[in-house]
Each structure stands twice: as C-alpha cells, then as structure tokens.
>>> print(open('structure_36.cif').read())   # mmCIF, N, CA and C atoms
data_model
#
loop_
_atom_site.label_atom_id
_atom_site.label_comp_id
_atom_site.auth_asym_id
_atom_site.auth_seq_id
_atom_site.Cartn_x
_atom_site.Cartn_y
_atom_site.Cartn_z
N MET A 1 4.09 -49.36 40.16
CA MET A 1 5.47 -48.97 40.15
C MET A 1 5.54 -47.51 40.61
N LYS A 2 6.51 -47.22 41.41
CA LYS A 2 6.68 -45.88 41.96
C LYS A 2 8.04 -45.35 41.51
N VAL A 3 8.03 -44.11 40.99
CA VAL A 3 9.26 -43.49 40.52
C VAL A 3 9.47 -42.22 41.32
N GLU A 4 10.64 -42.11 41.89
CA GLU A 4 10.99 -40.90 42.64
C GLU A 4 12.13 -40.20 41.92
N ILE A 5 12.00 -38.89 41.81
CA ILE A 5 13.05 -38.09 41.18
C ILE A 5 13.62 -37.18 42.25
N ALA A 6 14.90 -37.29 42.44
CA ALA A 6 15.57 -36.46 43.44
C ALA A 6 16.40 -35.41 42.71
N ILE A 7 16.12 -34.13 43.00
CA ILE A 7 16.88 -33.05 42.39
C ILE A 7 17.36 -32.12 43.49
N ASP A 8 18.38 -31.39 43.17
CA ASP A 8 18.91 -30.40 44.10
C ASP A 8 18.04 -29.14 43.98
N PRO A 9 17.42 -28.65 45.03
CA PRO A 9 16.56 -27.47 44.94
C PRO A 9 17.29 -26.21 44.51
N ASN A 10 18.60 -26.16 44.69
CA ASN A 10 19.35 -24.98 44.28
C ASN A 10 19.56 -24.95 42.76
N GLN A 11 19.49 -26.08 42.09
CA GLN A 11 19.71 -26.14 40.65
C GLN A 11 18.39 -26.13 39.87
N ALA A 12 17.28 -26.30 40.52
CA ALA A 12 16.00 -26.33 39.82
C ALA A 12 15.62 -24.93 39.35
N GLN A 13 15.01 -24.85 38.17
CA GLN A 13 14.56 -23.56 37.65
C GLN A 13 13.28 -23.15 38.38
N SER A 14 13.07 -21.85 38.47
CA SER A 14 11.86 -21.37 39.13
C SER A 14 10.65 -21.64 38.25
N LEU A 15 9.49 -21.69 38.87
CA LEU A 15 8.25 -21.93 38.14
C LEU A 15 7.99 -20.82 37.13
N ALA A 16 8.29 -19.58 37.49
CA ALA A 16 8.06 -18.45 36.59
C ALA A 16 8.89 -18.59 35.31
N SER A 17 10.11 -19.06 35.41
CA SER A 17 10.94 -19.20 34.21
C SER A 17 10.50 -20.38 33.36
N ARG A 18 9.89 -21.39 33.97
CA ARG A 18 9.41 -22.53 33.19
C ARG A 18 8.08 -22.25 32.51
N VAL A 19 7.25 -21.39 33.09
CA VAL A 19 5.91 -21.12 32.57
C VAL A 19 5.91 -19.93 31.62
N ALA A 20 6.85 -19.02 31.76
CA ALA A 20 6.87 -17.80 30.95
C ALA A 20 7.05 -18.14 29.47
N ALA A 21 6.57 -17.24 28.61
CA ALA A 21 6.70 -17.43 27.16
C ALA A 21 8.17 -17.37 26.77
N ALA A 22 8.50 -18.10 25.74
CA ALA A 22 9.88 -18.12 25.26
C ALA A 22 10.23 -16.75 24.68
N PRO A 23 11.44 -16.28 24.90
CA PRO A 23 11.81 -14.97 24.34
C PRO A 23 11.85 -15.04 22.81
N ALA A 24 11.51 -13.93 22.19
CA ALA A 24 11.49 -13.87 20.73
C ALA A 24 12.91 -13.99 20.20
N VAL A 25 13.06 -14.77 19.15
CA VAL A 25 14.37 -14.98 18.55
C VAL A 25 14.50 -14.03 17.37
N ARG A 26 15.56 -13.27 17.36
CA ARG A 26 15.79 -12.32 16.26
C ARG A 26 16.44 -13.06 15.11
N GLY A 27 15.94 -12.82 13.92
CA GLY A 27 16.55 -13.40 12.73
C GLY A 27 17.80 -12.62 12.37
N GLY A 28 18.89 -13.30 12.13
CA GLY A 28 20.12 -12.59 11.87
C GLY A 28 20.68 -12.81 10.49
N GLY A 29 19.94 -13.48 9.61
CA GLY A 29 20.49 -13.83 8.31
C GLY A 29 20.50 -12.71 7.30
N ASN A 30 19.54 -11.82 7.34
CA ASN A 30 19.42 -10.80 6.30
C ASN A 30 20.12 -9.52 6.74
N ALA A 31 20.94 -8.96 5.89
CA ALA A 31 21.71 -7.78 6.26
C ALA A 31 20.85 -6.53 6.32
N ARG A 32 19.76 -6.48 5.55
CA ARG A 32 18.92 -5.28 5.51
C ARG A 32 17.86 -5.29 6.61
N GLY A 33 17.77 -6.33 7.37
CA GLY A 33 16.82 -6.33 8.47
C GLY A 33 15.58 -7.15 8.19
N ARG A 34 14.94 -6.96 7.08
CA ARG A 34 13.71 -7.70 6.78
C ARG A 34 13.89 -8.52 5.51
N GLY A 35 12.98 -9.46 5.35
CA GLY A 35 12.96 -10.23 4.11
C GLY A 35 12.33 -9.41 3.01
N ARG A 36 12.10 -10.03 1.88
CA ARG A 36 11.54 -9.31 0.74
C ARG A 36 10.07 -8.98 0.93
N GLY A 37 9.38 -9.77 1.71
CA GLY A 37 7.97 -9.50 1.92
C GLY A 37 7.12 -9.99 0.75
N ARG A 38 5.87 -9.64 0.76
CA ARG A 38 4.94 -10.10 -0.26
C ARG A 38 4.72 -9.07 -1.35
N GLY A 39 5.29 -7.93 -1.21
CA GLY A 39 5.10 -6.90 -2.23
C GLY A 39 3.81 -6.14 -2.00
N GLY A 40 3.66 -5.07 -2.69
CA GLY A 40 2.47 -4.25 -2.54
C GLY A 40 1.31 -4.81 -3.34
N ALA A 41 0.14 -4.35 -3.02
CA ALA A 41 -1.04 -4.78 -3.75
C ALA A 41 -1.04 -4.14 -5.14
N ARG A 42 -1.41 -4.92 -6.12
CA ARG A 42 -1.43 -4.39 -7.49
C ARG A 42 -2.70 -3.59 -7.70
N PRO A 43 -2.61 -2.50 -8.41
CA PRO A 43 -3.83 -1.71 -8.66
C PRO A 43 -4.76 -2.46 -9.61
N ARG A 44 -6.04 -2.28 -9.39
CA ARG A 44 -7.03 -2.93 -10.25
C ARG A 44 -7.09 -2.20 -11.58
N PRO A 45 -7.30 -2.96 -12.65
CA PRO A 45 -7.41 -2.29 -13.95
C PRO A 45 -8.69 -1.46 -13.99
N PRO A 46 -8.68 -0.38 -14.74
CA PRO A 46 -9.88 0.47 -14.79
C PRO A 46 -11.03 -0.25 -15.49
N ARG A 47 -12.24 0.07 -15.08
CA ARG A 47 -13.41 -0.55 -15.68
C ARG A 47 -13.66 0.06 -17.05
N PRO A 48 -14.19 -0.74 -17.96
CA PRO A 48 -14.52 -0.18 -19.27
C PRO A 48 -15.68 0.80 -19.15
N ALA A 49 -15.77 1.69 -20.12
CA ALA A 49 -16.83 2.71 -20.10
C ALA A 49 -18.19 2.03 -20.26
N LYS A 50 -19.20 2.61 -19.65
CA LYS A 50 -20.55 2.05 -19.75
C LYS A 50 -21.08 2.21 -21.17
N LYS A 51 -21.79 1.17 -21.61
CA LYS A 51 -22.36 1.19 -22.96
C LYS A 51 -23.65 2.00 -22.95
N THR A 52 -23.89 2.62 -24.07
CA THR A 52 -25.14 3.38 -24.21
C THR A 52 -26.27 2.43 -24.57
N ALA A 53 -27.49 2.92 -24.47
CA ALA A 53 -28.65 2.11 -24.80
C ALA A 53 -28.63 1.69 -26.26
N GLU A 54 -28.14 2.57 -27.12
CA GLU A 54 -28.08 2.23 -28.55
C GLU A 54 -27.09 1.09 -28.80
N GLU A 55 -25.95 1.11 -28.12
CA GLU A 55 -24.97 0.04 -28.28
C GLU A 55 -25.54 -1.29 -27.79
N LEU A 56 -26.23 -1.26 -26.66
CA LEU A 56 -26.83 -2.48 -26.13
C LEU A 56 -27.91 -3.01 -27.06
N ASP A 57 -28.72 -2.12 -27.61
CA ASP A 57 -29.76 -2.55 -28.55
C ASP A 57 -29.15 -3.16 -29.80
N ALA A 58 -28.07 -2.57 -30.30
CA ALA A 58 -27.42 -3.10 -31.49
C ALA A 58 -26.85 -4.49 -31.22
N GLU A 59 -26.26 -4.69 -30.05
CA GLU A 59 -25.73 -6.01 -29.70
C GLU A 59 -26.85 -7.03 -29.58
N MET A 60 -27.97 -6.64 -28.98
CA MET A 60 -29.09 -7.56 -28.81
C MET A 60 -29.68 -7.95 -30.16
N ASN A 61 -29.80 -6.99 -31.07
CA ASN A 61 -30.31 -7.30 -32.40
C ASN A 61 -29.37 -8.25 -33.14
N ALA A 62 -28.08 -8.03 -33.04
CA ALA A 62 -27.10 -8.90 -33.69
C ALA A 62 -27.17 -10.31 -33.09
N TYR A 63 -27.36 -10.40 -31.78
CA TYR A 63 -27.45 -11.70 -31.12
C TYR A 63 -28.70 -12.45 -31.58
N LYS A 64 -29.81 -11.74 -31.66
CA LYS A 64 -31.06 -12.39 -32.08
C LYS A 64 -30.99 -12.86 -33.53
N GLU A 65 -30.33 -12.09 -34.38
CA GLU A 65 -30.21 -12.47 -35.79
C GLU A 65 -29.36 -13.72 -35.95
N THR A 66 -28.29 -13.84 -35.19
CA THR A 66 -27.43 -15.03 -35.32
C THR A 66 -28.05 -16.23 -34.61
N GLY A 67 -28.88 -16.01 -33.61
CA GLY A 67 -29.48 -17.12 -32.86
C GLY A 67 -30.60 -17.80 -33.61
N THR A 68 -31.29 -17.11 -34.51
CA THR A 68 -32.43 -17.70 -35.22
C THR A 68 -32.03 -18.38 -36.51
N ALA A 69 -30.81 -18.26 -36.93
CA ALA A 69 -30.39 -18.81 -38.22
C ALA A 69 -30.24 -20.29 -38.20
#
>>> encode(input="structure_36.cif", output="structure tokens")
Amino acid sequence: MKVEIAIDPNQAQSLASRVAAAPAVRGGGNARGRGRGRGGARPRPPRPAKKTAEELDAEMNAYKETGTA
C-alpha cells in the first residue's frame, strides 16, 4: 500500500522549528514567583562528649558483672 501526503509548501513549518527544543513554559500560578521549596537543611545535633577511660572501664565492669549472673 502506498500513501501520499500532499501539503502546501507555504504552510509547512521549517525543519529548524520542528527540531528545536520547546520553549520553557513559565509557571504563573504563584504570586511570589517560586514555590515553597524543600526548605533548608537541618543542622546536625552536637555529638556527646567523649568518655574518659575511667568511665569506659566502669561501664565494662558493670557489663561483665551483669553478664555472668
């Protein structure tokens, strides 16, 4: 089957206009210009102070005492 399409060359769009990227569409719904966005990054909570060797030893001794019972 053969299909022929006849068009008027004066009404056909140019190749450049058919291949070019579509123009960006501006959003017009928000009065302030932008949406709310995702918000800023939350600050990380501060790290707890480092334990001393004595505190670590005391915790280890307490752990061993409860583990052997």
>>> select_by_dssp(input="structure_36.cif", residues="chain A", states="helix (DSSP H, G or I)", output="JSON, numbers by chain")
{"A": [15, 16, 17, 18, 19, 53, 54, 55, 56, 57, 58, 59, 60, 61, 62, 63, 64, 65, 66, 67]}
>>> atom_distance(input="structure_36.cif", atom1="atom N of Thr66 of chain A", atom2="atom C of Ala53 of chain A")
17.9 Å
>>> atom_distance(input="structure_36.cif", atom1="atom N of Glu4 of chain A", atom2="atom N of Ala20 of chain A")
25.5 Å
>>> axis_aligned_box(input="structure_36.cif", around="segment 14-24 of chain A", padding_each_side="4 Å", output="AutoDock Vina command-line options")
--center_x 9.5 --center_y -18.2 --center_z 29.7 --size_x 15.2 --size_y 16.7 --size_z 26.9
>>> atom_distance(input="structure_36.cif", atom1="atom CA of Lys51 of chain A", atom2="atom C of Tyr63 of chain A")
17.3 Å
